[in-house]
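Asker: File name upload-v3.txt; file contents compact mmCIF, N, CA and C atoms; full text below.
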```txt
# COMPACT_ATOMS: atom_id res chain seq x y z
N GLY A 1 24.88 -1.80 20.48
CA GLY A 1 24.14 -2.38 19.40
C GLY A 1 22.69 -1.95 19.41
N LEU A 2 21.99 -2.46 18.47
CA LEU A 2 20.58 -2.16 18.29
C LEU A 2 19.74 -3.23 18.97
N ARG A 3 18.83 -2.80 19.82
CA ARG A 3 17.98 -3.75 20.53
C ARG A 3 16.83 -4.19 19.63
N ILE A 4 16.29 -5.37 19.95
CA ILE A 4 15.17 -5.90 19.19
C ILE A 4 13.97 -4.96 19.29
N SER A 5 13.74 -4.38 20.45
CA SER A 5 12.61 -3.46 20.61
C SER A 5 12.77 -2.23 19.72
N GLU A 6 14.00 -1.73 19.58
CA GLU A 6 14.25 -0.58 18.72
C GLU A 6 13.99 -0.94 17.26
N MET A 7 14.40 -2.14 16.86
CA MET A 7 14.16 -2.57 15.48
C MET A 7 12.67 -2.73 15.23
N ALA A 8 11.96 -3.30 16.19
CA ALA A 8 10.52 -3.51 16.04
C ALA A 8 9.79 -2.19 15.87
N VAL A 9 10.15 -1.21 16.68
CA VAL A 9 9.50 0.10 16.60
C VAL A 9 9.75 0.73 15.24
N SER A 10 10.93 0.54 14.68
CA SER A 10 11.25 1.18 13.40
C SER A 10 10.56 0.54 12.21
N ILE A 11 10.08 -0.69 12.35
CA ILE A 11 9.43 -1.34 11.21
C ILE A 11 7.91 -1.43 11.33
N VAL A 12 7.36 -1.00 12.45
CA VAL A 12 5.91 -1.11 12.64
C VAL A 12 5.16 -0.26 11.63
N ARG A 13 5.54 1.00 11.47
CA ARG A 13 4.82 1.88 10.54
C ARG A 13 4.88 1.36 9.11
N PRO A 14 6.05 0.97 8.58
CA PRO A 14 6.07 0.43 7.22
C PRO A 14 5.26 -0.87 7.07
N MET A 15 5.25 -1.68 8.12
CA MET A 15 4.47 -2.93 8.04
C MET A 15 2.98 -2.63 7.97
N ILE A 16 2.50 -1.71 8.81
CA ILE A 16 1.09 -1.33 8.78
C ILE A 16 0.75 -0.70 7.43
N ALA A 17 1.63 0.16 6.93
CA ALA A 17 1.41 0.79 5.62
C ALA A 17 1.36 -0.26 4.51
N GLY A 18 2.17 -1.29 4.64
CA GLY A 18 2.15 -2.38 3.65
C GLY A 18 0.82 -3.12 3.65
N VAL A 19 0.26 -3.33 4.84
CA VAL A 19 -1.06 -3.98 4.94
C VAL A 19 -2.13 -3.08 4.33
N ILE A 20 -2.08 -1.79 4.62
CA ILE A 20 -3.04 -0.85 4.05
C ILE A 20 -2.93 -0.84 2.52
N MET A 21 -1.70 -0.85 2.00
CA MET A 21 -1.48 -0.88 0.56
C MET A 21 -2.08 -2.14 -0.05
N ALA A 22 -1.82 -3.28 0.58
CA ALA A 22 -2.35 -4.54 0.06
C ALA A 22 -3.87 -4.54 0.04
N LEU A 23 -4.47 -4.04 1.11
CA LEU A 23 -5.93 -3.98 1.17
C LEU A 23 -6.49 -3.05 0.10
N ALA A 24 -5.82 -1.93 -0.13
CA ALA A 24 -6.28 -0.98 -1.16
C ALA A 24 -6.22 -1.63 -2.54
N ILE A 25 -5.16 -2.40 -2.80
CA ILE A 25 -5.03 -3.05 -4.10
C ILE A 25 -6.02 -4.20 -4.24
N ILE A 26 -6.12 -5.01 -3.21
CA ILE A 26 -6.99 -6.20 -3.28
C ILE A 26 -8.46 -5.81 -3.38
N TYR A 27 -8.88 -4.86 -2.54
CA TYR A 27 -10.31 -4.54 -2.48
C TYR A 27 -10.71 -3.32 -3.31
N GLY A 28 -9.77 -2.45 -3.60
CA GLY A 28 -10.11 -1.22 -4.32
C GLY A 28 -10.04 -1.33 -5.82
N THR A 29 -9.01 -1.98 -6.34
CA THR A 29 -8.83 -1.99 -7.79
C THR A 29 -9.83 -2.86 -8.54
N PRO A 30 -10.40 -3.94 -7.98
CA PRO A 30 -11.40 -4.68 -8.75
C PRO A 30 -12.65 -3.84 -9.05
N LEU A 31 -12.88 -2.81 -8.26
CA LEU A 31 -14.04 -1.95 -8.47
C LEU A 31 -13.93 -1.11 -9.74
N THR A 32 -12.74 -1.05 -10.31
CA THR A 32 -12.54 -0.23 -11.51
C THR A 32 -13.11 -0.88 -12.76
N GLY A 33 -13.23 -2.21 -12.76
CA GLY A 33 -13.73 -2.91 -13.94
C GLY A 33 -12.72 -2.99 -15.08
N LEU A 34 -11.47 -2.67 -14.80
CA LEU A 34 -10.43 -2.69 -15.83
C LEU A 34 -9.76 -4.05 -15.88
N ASP A 35 -8.99 -4.27 -16.96
CA ASP A 35 -8.17 -5.48 -17.03
C ASP A 35 -6.91 -5.18 -17.83
N GLY A 36 -6.01 -6.13 -17.85
CA GLY A 36 -4.77 -6.00 -18.62
C GLY A 36 -3.84 -4.93 -18.09
N ALA A 37 -3.17 -4.27 -19.03
CA ALA A 37 -2.15 -3.28 -18.69
C ALA A 37 -2.72 -2.09 -17.94
N LEU A 38 -3.94 -1.72 -18.27
CA LEU A 38 -4.56 -0.59 -17.58
C LEU A 38 -4.82 -0.91 -16.11
N LEU A 39 -5.27 -2.13 -15.84
CA LEU A 39 -5.48 -2.56 -14.46
C LEU A 39 -4.15 -2.59 -13.70
N LEU A 40 -3.10 -3.07 -14.35
CA LEU A 40 -1.78 -3.09 -13.72
C LEU A 40 -1.34 -1.67 -13.37
N ALA A 41 -1.54 -0.73 -14.28
CA ALA A 41 -1.15 0.66 -14.02
C ALA A 41 -1.94 1.22 -12.84
N VAL A 42 -3.23 0.93 -12.77
CA VAL A 42 -4.05 1.41 -11.66
C VAL A 42 -3.58 0.78 -10.35
N LYS A 43 -3.23 -0.49 -10.37
CA LYS A 43 -2.74 -1.16 -9.17
C LYS A 43 -1.42 -0.55 -8.69
N VAL A 44 -0.53 -0.24 -9.62
CA VAL A 44 0.76 0.37 -9.25
C VAL A 44 0.53 1.74 -8.63
N ILE A 45 -0.31 2.54 -9.26
CA ILE A 45 -0.59 3.89 -8.75
C ILE A 45 -1.29 3.81 -7.39
N THR A 46 -2.27 2.92 -7.28
CA THR A 46 -2.99 2.74 -6.02
C THR A 46 -2.05 2.29 -4.91
N GLY A 47 -1.20 1.32 -5.20
CA GLY A 47 -0.26 0.84 -4.20
C GLY A 47 0.74 1.89 -3.77
N THR A 48 1.28 2.61 -4.73
CA THR A 48 2.26 3.65 -4.42
C THR A 48 1.63 4.75 -3.56
N ALA A 49 0.48 5.22 -3.98
CA ALA A 49 -0.18 6.32 -3.26
C ALA A 49 -0.62 5.88 -1.87
N SER A 50 -1.22 4.70 -1.77
CA SER A 50 -1.73 4.27 -0.46
C SER A 50 -0.58 3.99 0.51
N TYR A 51 0.51 3.45 0.02
CA TYR A 51 1.66 3.19 0.90
C TYR A 51 2.27 4.51 1.38
N ALA A 52 2.53 5.41 0.45
CA ALA A 52 3.16 6.69 0.81
C ALA A 52 2.29 7.48 1.78
N LEU A 53 1.01 7.59 1.48
CA LEU A 53 0.11 8.34 2.36
C LEU A 53 -0.02 7.68 3.73
N SER A 54 -0.04 6.36 3.75
CA SER A 54 -0.15 5.64 5.03
C SER A 54 1.09 5.85 5.88
N VAL A 55 2.26 5.77 5.28
CA VAL A 55 3.50 5.97 6.04
C VAL A 55 3.54 7.37 6.64
N VAL A 56 3.18 8.36 5.84
CA VAL A 56 3.20 9.74 6.34
C VAL A 56 2.16 9.93 7.44
N ALA A 57 0.95 9.41 7.24
CA ALA A 57 -0.10 9.54 8.25
C ALA A 57 0.30 8.86 9.55
N LEU A 58 0.86 7.66 9.45
CA LEU A 58 1.29 6.94 10.65
C LEU A 58 2.44 7.66 11.34
N TRP A 59 3.31 8.28 10.57
CA TRP A 59 4.42 9.04 11.13
C TRP A 59 3.88 10.24 11.91
N TYR A 60 2.91 10.93 11.34
CA TYR A 60 2.28 12.06 12.05
C TYR A 60 1.59 11.60 13.32
N LEU A 61 0.87 10.47 13.25
CA LEU A 61 0.20 9.94 14.43
C LEU A 61 1.20 9.56 15.53
N ALA A 62 2.40 9.19 15.12
CA ALA A 62 3.45 8.84 16.08
C ALA A 62 4.21 10.08 16.57
N LYS A 63 3.67 11.26 16.28
CA LYS A 63 4.25 12.54 16.70
C LYS A 63 5.58 12.84 16.02
N ARG A 64 5.70 12.42 14.78
CA ARG A 64 6.84 12.72 13.89
C ARG A 64 8.21 12.45 14.51
N PRO A 65 8.48 11.19 14.89
CA PRO A 65 9.80 10.88 15.45
C PRO A 65 10.89 10.97 14.38
N ALA A 66 12.11 11.17 14.83
CA ALA A 66 13.24 11.20 13.90
C ALA A 66 13.35 9.83 13.23
N GLY A 67 13.64 9.86 11.95
CA GLY A 67 13.76 8.61 11.19
C GLY A 67 13.79 8.90 9.71
N ALA A 68 13.50 7.90 8.93
CA ALA A 68 13.55 8.03 7.48
C ALA A 68 12.58 9.10 6.97
N GLU A 69 11.38 9.14 7.57
CA GLU A 69 10.38 10.11 7.12
C GLU A 69 10.86 11.55 7.35
N SER A 70 11.40 11.81 8.52
CA SER A 70 11.87 13.17 8.81
C SER A 70 13.08 13.52 7.94
N TYR A 71 13.93 12.55 7.68
CA TYR A 71 15.09 12.79 6.81
C TYR A 71 14.64 13.16 5.40
N LEU A 72 13.71 12.39 4.85
CA LEU A 72 13.22 12.68 3.50
C LEU A 72 12.48 14.00 3.44
N LEU A 73 11.69 14.29 4.45
CA LEU A 73 10.97 15.56 4.47
C LEU A 73 11.95 16.73 4.50
N ASP A 74 13.00 16.63 5.29
CA ASP A 74 14.02 17.68 5.33
C ASP A 74 14.65 17.87 3.96
N LYS A 75 14.93 16.77 3.25
CA LYS A 75 15.53 16.86 1.92
C LYS A 75 14.57 17.51 0.92
N VAL A 76 13.29 17.13 0.98
CA VAL A 76 12.29 17.71 0.07
C VAL A 76 12.16 19.21 0.33
N ILE A 77 12.13 19.61 1.59
CA ILE A 77 12.03 21.03 1.93
C ILE A 77 13.26 21.79 1.43
N ALA A 78 14.44 21.21 1.57
CA ALA A 78 15.67 21.86 1.12
C ALA A 78 15.66 22.04 -0.39
N VAL A 79 15.23 21.03 -1.13
CA VAL A 79 15.16 21.12 -2.59
C VAL A 79 14.13 22.18 -3.00
N ALA A 80 12.97 22.18 -2.34
CA ALA A 80 11.94 23.16 -2.66
C ALA A 80 12.42 24.57 -2.39
N ALA A 81 13.17 24.76 -1.30
CA ALA A 81 13.69 26.08 -0.96
C ALA A 81 14.69 26.55 -2.02
N ARG A 82 15.56 25.62 -2.47
CA ARG A 82 16.52 25.98 -3.52
C ARG A 82 15.81 26.36 -4.81
N ARG A 83 14.79 25.60 -5.16
CA ARG A 83 14.04 25.91 -6.39
C ARG A 83 13.30 27.24 -6.27
N ALA A 84 12.77 27.54 -5.10
CA ALA A 84 12.05 28.79 -4.88
C ALA A 84 12.98 29.99 -5.04
N LYS A 85 14.25 29.79 -4.70
CA LYS A 85 15.25 30.86 -4.84
C LYS A 85 15.81 30.92 -6.25
N GLY A 86 15.36 30.03 -7.13
CA GLY A 86 15.83 30.03 -8.50
C GLY A 86 17.05 29.18 -8.74
N GLY A 87 17.45 28.41 -7.77
CA GLY A 87 18.60 27.53 -7.91
C GLY A 87 18.23 26.21 -8.53
N SER A 88 19.24 25.41 -8.78
CA SER A 88 18.98 24.08 -9.34
C SER A 88 19.00 23.05 -8.22
N VAL A 89 18.53 21.86 -8.56
CA VAL A 89 18.48 20.77 -7.59
C VAL A 89 19.84 20.25 -7.44
```
Represent the structure from my file as structure tokens, please.
Answerer:
Amino acid sequence: GLRISEMAVSIVRPMIAGVIMALAIIYGTPLTGLDGALLLAVKVITGTASYALSVVALWYLAKRPAGAESYLLDKVIAVAARRAKGGSV
């Protein structure tokens, strides 16, 4: 089975990235001076970008262990290679 320590290690990076995302939304988006739908769009973009960049940065800092990040990166590279050869996705 899966040990508690193994589960904890696998969720630390996403949890830290979630905190970074929340801080970026809470403290960064009010500086835009926007409101309504435009503010919502900025918050969504800010949250998405900050979470994704944080997860990747934390993964690199952890010396790129095997996991979801490496799996997705392998898939992205495979798709890019197929497109570069003129194939379809």
Asker: Please, which residues of chain A, numbered as in this document, come out alpha helix (DSSP H) from DSSP, as an mmCIF file with N, CA and C atoms, keeping the file's coordinate frame?
Answerer:
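The resulting states-v6.cif:
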```
data_model
loop_
_atom_site.group_PDB
_atom_site.id
_atom_site.type_symbol
_atom_site.label_atom_id
_atom_site.label_comp_id
_atom_site.auth_asym_id
_atom_site.auth_seq_id
_atom_site.Cartn_x
_atom_site.Cartn_y
_atom_site.Cartn_z
ATOM 1 N N ILE A 4 16.290 -5.370 19.950
ATOM 2 C CA ILE A 4 15.170 -5.900 19.190
ATOM 3 C C ILE A 4 13.970 -4.960 19.290
ATOM 4 N N SER A 5 13.740 -4.380 20.450
ATOM 5 C CA SER A 5 12.610 -3.460 20.610
ATOM 6 C C SER A 5 12.770 -2.230 19.720
ATOM 7 N N GLU A 6 14.000 -1.730 19.580
ATOM 8 C CA GLU A 6 14.250 -0.580 18.720
ATOM 9 C C GLU A 6 13.990 -0.940 17.260
ATOM 10 N N MET A 7 14.400 -2.140 16.860
ATOM 11 C CA MET A 7 14.160 -2.570 15.480
ATOM 12 C C MET A 7 12.670 -2.730 15.230
ATOM 13 N N ALA A 8 11.960 -3.300 16.190
ATOM 14 C CA ALA A 8 10.520 -3.510 16.040
ATOM 15 C C ALA A 8 9.790 -2.190 15.870
ATOM 16 N N VAL A 9 10.150 -1.210 16.680
ATOM 17 C CA VAL A 9 9.500 0.100 16.600
ATOM 18 C C VAL A 9 9.750 0.730 15.240
ATOM 19 N N SER A 10 10.930 0.540 14.680
ATOM 20 C CA SER A 10 11.250 1.180 13.400
ATOM 21 C C SER A 10 10.560 0.540 12.210
ATOM 22 N N ILE A 11 10.080 -0.690 12.350
ATOM 23 C CA ILE A 11 9.430 -1.340 11.210
ATOM 24 C C ILE A 11 7.910 -1.430 11.330
ATOM 25 N N VAL A 12 7.360 -1.000 12.450
ATOM 26 C CA VAL A 12 5.910 -1.110 12.640
ATOM 27 C C VAL A 12 5.160 -0.260 11.630
ATOM 28 N N ARG A 13 5.540 1.000 11.470
ATOM 29 C CA ARG A 13 4.820 1.880 10.540
ATOM 30 C C ARG A 13 4.880 1.360 9.110
ATOM 31 N N PRO A 14 6.050 0.970 8.580
ATOM 32 C CA PRO A 14 6.070 0.430 7.220
ATOM 33 C C PRO A 14 5.260 -0.870 7.070
ATOM 34 N N MET A 15 5.250 -1.680 8.120
ATOM 35 C CA MET A 15 4.470 -2.930 8.040
ATOM 36 C C MET A 15 2.980 -2.630 7.970
ATOM 37 N N ILE A 16 2.500 -1.710 8.810
ATOM 38 C CA ILE A 16 1.090 -1.330 8.780
ATOM 39 C C ILE A 16 0.750 -0.700 7.430
ATOM 40 N N ALA A 17 1.630 0.160 6.930
ATOM 41 C CA ALA A 17 1.410 0.790 5.620
ATOM 42 C C ALA A 17 1.360 -0.260 4.510
ATOM 43 N N GLY A 18 2.170 -1.290 4.640
ATOM 44 C CA GLY A 18 2.150 -2.380 3.650
ATOM 45 C C GLY A 18 0.820 -3.120 3.650
ATOM 46 N N VAL A 19 0.260 -3.330 4.840
ATOM 47 C CA VAL A 19 -1.060 -3.980 4.940
ATOM 48 C C VAL A 19 -2.130 -3.080 4.330
ATOM 49 N N ILE A 20 -2.080 -1.790 4.620
ATOM 50 C CA ILE A 20 -3.040 -0.850 4.050
ATOM 51 C C ILE A 20 -2.930 -0.840 2.520
ATOM 52 N N MET A 21 -1.700 -0.850 2.000
ATOM 53 C CA MET A 21 -1.480 -0.880 0.560
ATOM 54 C C MET A 21 -2.080 -2.140 -0.050
ATOM 55 N N ALA A 22 -1.820 -3.280 0.580
ATOM 56 C CA ALA A 22 -2.350 -4.540 0.060
ATOM 57 C C ALA A 22 -3.870 -4.540 0.040
ATOM 58 N N LEU A 23 -4.470 -4.040 1.110
ATOM 59 C CA LEU A 23 -5.930 -3.980 1.170
ATOM 60 C C LEU A 23 -6.490 -3.050 0.100
ATOM 61 N N GLY A 36 -6.010 -6.130 -17.850
ATOM 62 C CA GLY A 36 -4.770 -6.000 -18.620
ATOM 63 C C GLY A 36 -3.840 -4.930 -18.090
ATOM 64 N N ALA A 37 -3.170 -4.270 -19.030
ATOM 65 C CA ALA A 37 -2.150 -3.280 -18.690
ATOM 66 C C ALA A 37 -2.720 -2.090 -17.940
ATOM 67 N N LEU A 38 -3.940 -1.720 -18.270
ATOM 68 C CA LEU A 38 -4.560 -0.590 -17.580
ATOM 69 C C LEU A 38 -4.820 -0.910 -16.110
ATOM 70 N N LEU A 39 -5.270 -2.130 -15.840
ATOM 71 C CA LEU A 39 -5.480 -2.560 -14.460
ATOM 72 C C LEU A 39 -4.150 -2.590 -13.700
ATOM 73 N N LEU A 40 -3.100 -3.070 -14.350
ATOM 74 C CA LEU A 40 -1.780 -3.090 -13.720
ATOM 75 C C LEU A 40 -1.340 -1.670 -13.370
ATOM 76 N N ALA A 41 -1.540 -0.730 -14.280
ATOM 77 C CA ALA A 41 -1.150 0.660 -14.020
ATOM 78 C C ALA A 41 -1.940 1.220 -12.840
ATOM 79 N N VAL A 42 -3.230 0.930 -12.770
ATOM 80 C CA VAL A 42 -4.050 1.410 -11.660
ATOM 81 C C VAL A 42 -3.580 0.780 -10.350
ATOM 82 N N LYS A 43 -3.230 -0.490 -10.370
ATOM 83 C CA LYS A 43 -2.740 -1.160 -9.170
ATOM 84 C C LYS A 43 -1.420 -0.550 -8.690
ATOM 85 N N VAL A 44 -0.530 -0.240 -9.620
ATOM 86 C CA VAL A 44 0.760 0.370 -9.250
ATOM 87 C C VAL A 44 0.530 1.740 -8.630
ATOM 88 N N ILE A 45 -0.310 2.540 -9.260
ATOM 89 C CA ILE A 45 -0.590 3.890 -8.750
ATOM 90 C C ILE A 45 -1.290 3.810 -7.390
ATOM 91 N N THR A 46 -2.270 2.920 -7.280
ATOM 92 C CA THR A 46 -2.990 2.740 -6.020
ATOM 93 C C THR A 46 -2.050 2.290 -4.910
ATOM 94 N N GLY A 47 -1.200 1.320 -5.200
ATOM 95 C CA GLY A 47 -0.260 0.840 -4.200
ATOM 96 C C GLY A 47 0.740 1.890 -3.770
ATOM 97 N N THR A 48 1.280 2.610 -4.730
ATOM 98 C CA THR A 48 2.260 3.650 -4.420
ATOM 99 C C THR A 48 1.630 4.750 -3.560
ATOM 100 N N ALA A 49 0.480 5.220 -3.980
ATOM 101 C CA ALA A 49 -0.180 6.320 -3.260
ATOM 102 C C ALA A 49 -0.620 5.880 -1.870
ATOM 103 N N SER A 50 -1.220 4.700 -1.770
ATOM 104 C CA SER A 50 -1.730 4.270 -0.460
ATOM 105 C C SER A 50 -0.580 3.990 0.510
ATOM 106 N N TYR A 51 0.510 3.450 0.020
ATOM 107 C CA TYR A 51 1.660 3.190 0.900
ATOM 108 C C TYR A 51 2.270 4.510 1.380
ATOM 109 N N ALA A 52 2.530 5.410 0.450
ATOM 110 C CA ALA A 52 3.160 6.690 0.810
ATOM 111 C C ALA A 52 2.290 7.480 1.780
ATOM 112 N N LEU A 53 1.010 7.590 1.480
ATOM 113 C CA LEU A 53 0.110 8.340 2.360
ATOM 114 C C LEU A 53 -0.020 7.680 3.730
ATOM 115 N N SER A 54 -0.040 6.360 3.750
ATOM 116 C CA SER A 54 -0.150 5.640 5.030
ATOM 117 C C SER A 54 1.090 5.850 5.880
ATOM 118 N N VAL A 55 2.260 5.770 5.280
ATOM 119 C CA VAL A 55 3.500 5.970 6.040
ATOM 120 C C VAL A 55 3.540 7.370 6.640
ATOM 121 N N VAL A 56 3.180 8.360 5.840
ATOM 122 C CA VAL A 56 3.200 9.740 6.340
ATOM 123 C C VAL A 56 2.160 9.930 7.440
ATOM 124 N N ALA A 57 0.950 9.410 7.240
ATOM 125 C CA ALA A 57 -0.100 9.540 8.250
ATOM 126 C C ALA A 57 0.300 8.860 9.550
ATOM 127 N N LEU A 58 0.860 7.660 9.450
ATOM 128 C CA LEU A 58 1.290 6.940 10.650
ATOM 129 C C LEU A 58 2.440 7.660 11.340
ATOM 130 N N TRP A 59 3.310 8.280 10.570
ATOM 131 C CA TRP A 59 4.420 9.040 11.130
ATOM 132 C C TRP A 59 3.880 10.240 11.910
ATOM 133 N N TYR A 60 2.910 10.930 11.340
ATOM 134 C CA TYR A 60 2.280 12.060 12.050
ATOM 135 C C TYR A 60 1.590 11.600 13.320
ATOM 136 N N LEU A 61 0.870 10.470 13.250
ATOM 137 C CA LEU A 61 0.200 9.940 14.430
ATOM 138 C C LEU A 61 1.200 9.560 15.530
ATOM 139 N N ALA A 68 13.500 7.900 8.930
ATOM 140 C CA ALA A 68 13.550 8.030 7.480
ATOM 141 C C ALA A 68 12.580 9.100 6.970
ATOM 142 N N GLU A 69 11.380 9.140 7.570
ATOM 143 C CA GLU A 69 10.380 10.110 7.120
ATOM 144 C C GLU A 69 10.860 11.550 7.350
ATOM 145 N N SER A 70 11.400 11.810 8.520
ATOM 146 C CA SER A 70 11.870 13.170 8.810
ATOM 147 C C SER A 70 13.080 13.520 7.940
ATOM 148 N N TYR A 71 13.930 12.550 7.680
ATOM 149 C CA TYR A 71 15.090 12.790 6.810
ATOM 150 C C TYR A 71 14.640 13.160 5.400
ATOM 151 N N LEU A 72 13.710 12.390 4.850
ATOM 152 C CA LEU A 72 13.220 12.680 3.500
ATOM 153 C C LEU A 72 12.480 14.000 3.440
ATOM 154 N N LEU A 73 11.690 14.290 4.450
ATOM 155 C CA LEU A 73 10.970 15.560 4.470
ATOM 156 C C LEU A 73 11.950 16.730 4.500
ATOM 157 N N ASP A 74 13.000 16.630 5.290
ATOM 158 C CA ASP A 74 14.020 17.680 5.330
ATOM 159 C C ASP A 74 14.650 17.870 3.960
ATOM 160 N N LYS A 75 14.930 16.770 3.250
ATOM 161 C CA LYS A 75 15.530 16.860 1.920
ATOM 162 C C LYS A 75 14.570 17.510 0.920
ATOM 163 N N VAL A 76 13.290 17.130 0.980
ATOM 164 C CA VAL A 76 12.290 17.710 0.070
ATOM 165 C C VAL A 76 12.160 19.210 0.330
ATOM 166 N N ILE A 77 12.130 19.610 1.590
ATOM 167 C CA ILE A 77 12.030 21.030 1.930
ATOM 168 C C ILE A 77 13.260 21.790 1.430
ATOM 169 N N ALA A 78 14.440 21.210 1.570
ATOM 170 C CA ALA A 78 15.670 21.860 1.120
ATOM 171 C C ALA A 78 15.660 22.040 -0.390
ATOM 172 N N VAL A 79 15.230 21.030 -1.130
ATOM 173 C CA VAL A 79 15.160 21.120 -2.590
ATOM 174 C C VAL A 79 14.130 22.180 -3.000
ATOM 175 N N ALA A 80 12.970 22.180 -2.340
ATOM 176 C CA ALA A 80 11.940 23.160 -2.660
ATOM 177 C C ALA A 80 12.420 24.570 -2.390
ATOM 178 N N ALA A 81 13.170 24.760 -1.300
ATOM 179 C CA ALA A 81 13.690 26.080 -0.960
ATOM 180 C C ALA A 81 14.690 26.550 -2.020
ATOM 181 N N ARG A 82 15.560 25.620 -2.470
ATOM 182 C CA ARG A 82 16.520 25.980 -3.520
ATOM 183 C C ARG A 82 15.810 26.360 -4.810
ATOM 184 N N ARG A 83 14.790 25.600 -5.160
ATOM 185 C CA ARG A 83 14.040 25.910 -6.390
ATOM 186 C C ARG A 83 13.300 27.240 -6.270
ATOM 187 N N ALA A 84 12.770 27.540 -5.100
ATOM 188 C CA ALA A 84 12.050 28.790 -4.880
ATOM 189 C C ALA A 84 12.980 29.990 -5.040
#
```
Asker: Write out as number ranges by chain each polymer residue whose atoms come within 12 Å of Leu23 (chain A), counting only C-alpha atoms; drop sequence neighbours fewer than 6 positions from it.
Answerer: A: 16-17, 29-30, 43, 46-47, 50-51, 54
Asker: Which one of A:Ile4, A:Val76, A:Val12, A:Ile45 sits closest to Gly28 (chain A) if you count only C-alpha atoms?
Answerer: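 Smallest separation from Gly28 (chain A) among the options: A:Ile45.
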Asker: Considering only C-alpha atoms, state which residue in the set A:Arg83, A:Ile11, A:Glu6, A:Ile25 is at the smallest distance from Ala49 (chain A).
Answerer: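 Of all the options, A:Ile25 lies closest to Ala49 (chain A).
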Asker: Go through A:Tyr27, A:Arg13, A:Ala37, A:Val79 and flag the residue nearest Arg64 (chain A), using only C-alpha atoms for the distances.
Answerer: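 Distance minimum relative to Arg64 (chain A) lands on A:Arg13.
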Asker: Between CA of Leu58 (chain A) and atom N of Pro14 (chain A), what is the distance in Å, rounded to a tenth?
Answerer: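 Taking CA of Leu58 (chain A) as the start and atom N of Pro14 (chain A) as the end point, the length is 7.9 Å.
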Asker: Report, in Å to a single decimal, how far apart CA of Val56 (chain A) and atom N of Ile77 (chain A) are.
Answerer: 14.1 Å
Asker: Expressed in Å to a single decimal, how great is the separation between CA of Thr48 (chain A) and atom N of Ile26 (chain A)?
Answerer: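 Here the two named atoms are 12.1 Å from each other.
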Asker: Give the padded box for region 32-40 of chain A as lines of an AutoDock Vina configuration file: axis-aligned, covering all atoms listed in the file, 3 Å on each side, centre and edge lengths in Å to one decimal.
Answerer:
```
center_x = -7.5
center_y = -3.2
center_z = -14.7
size_x = 18.4
size_y = 11.9
size_z = 14.7
```
Asker: For region 30-34 of chain A, where the input has fewer atoms than it should, I would like all heavy atoms rebuilt and written as a PDB file, in the frame of the given file.
Answerer:
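Output file rebuild-v2.pdb is given in full below:
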```pdb
ATOM      1  N   PRO A  30     -10.400  -3.940  -7.980  1.00  0.00           N
ATOM      2  CA  PRO A  30     -11.400  -4.680  -8.750  1.00  0.00           C
ATOM      3  C   PRO A  30     -12.650  -3.840  -9.050  1.00  0.00           C
ATOM      4  O   PRO A  30     -13.375  -4.109  -9.998  1.00  0.00           O
ATOM      5  CB  PRO A  30     -11.767  -5.857  -7.843  1.00  0.00           C
ATOM      6  CG  PRO A  30     -10.574  -6.057  -7.001  1.00  0.00           C
ATOM      7  CD  PRO A  30     -10.030  -4.681  -6.778  1.00  0.00           C
ATOM      8  N   LEU A  31     -12.880  -2.810  -8.260  1.00  0.00           N
ATOM      9  CA  LEU A  31     -14.040  -1.950  -8.470  1.00  0.00           C
ATOM     10  C   LEU A  31     -13.930  -1.110  -9.740  1.00  0.00           C
ATOM     11  O   LEU A  31     -14.926  -0.555 -10.189  1.00  0.00           O
ATOM     12  CB  LEU A  31     -14.228  -1.025  -7.255  1.00  0.00           C
ATOM     13  CG  LEU A  31     -14.425  -1.725  -5.908  1.00  0.00           C
ATOM     14  CD1 LEU A  31     -14.457  -0.700  -4.781  1.00  0.00           C
ATOM     15  CD2 LEU A  31     -15.693  -2.561  -5.923  1.00  0.00           C
ATOM     16  N   THR A  32     -12.740  -1.050 -10.310  1.00  0.00           N
ATOM     17  CA  THR A  32     -12.540  -0.230 -11.510  1.00  0.00           C
ATOM     18  C   THR A  32     -13.110  -0.880 -12.760  1.00  0.00           C
ATOM     19  O   THR A  32     -13.408  -0.196 -13.726  1.00  0.00           O
ATOM     20  CB  THR A  32     -11.041   0.052 -11.753  1.00  0.00           C
ATOM     21  OG1 THR A  32     -10.364  -1.195 -11.995  1.00  0.00           O
ATOM     22  CG2 THR A  32     -10.411   0.776 -10.579  1.00  0.00           C
ATOM     23  N   GLY A  33     -13.230  -2.210 -12.760  1.00  0.00           N
ATOM     24  CA  GLY A  33     -13.730  -2.910 -13.940  1.00  0.00           C
ATOM     25  C   GLY A  33     -12.720  -2.990 -15.080  1.00  0.00           C
ATOM     26  O   GLY A  33     -13.069  -3.350 -16.203  1.00  0.00           O
ATOM     27  N   LEU A  34     -11.470  -2.670 -14.800  1.00  0.00           N
ATOM     28  CA  LEU A  34     -10.430  -2.690 -15.830  1.00  0.00           C
ATOM     29  C   LEU A  34      -9.760  -4.050 -15.880  1.00  0.00           C
ATOM     30  O   LEU A  34      -9.905  -4.870 -14.980  1.00  0.00           O
ATOM     31  CB  LEU A  34      -9.389  -1.618 -15.524  1.00  0.00           C
ATOM     32  CG  LEU A  34      -9.900  -0.176 -15.426  1.00  0.00           C
ATOM     33  CD1 LEU A  34      -8.797   0.735 -14.935  1.00  0.00           C
ATOM     34  CD2 LEU A  34     -10.441   0.290 -16.760  1.00  0.00           C
TER      35      LEU A  34
END
```
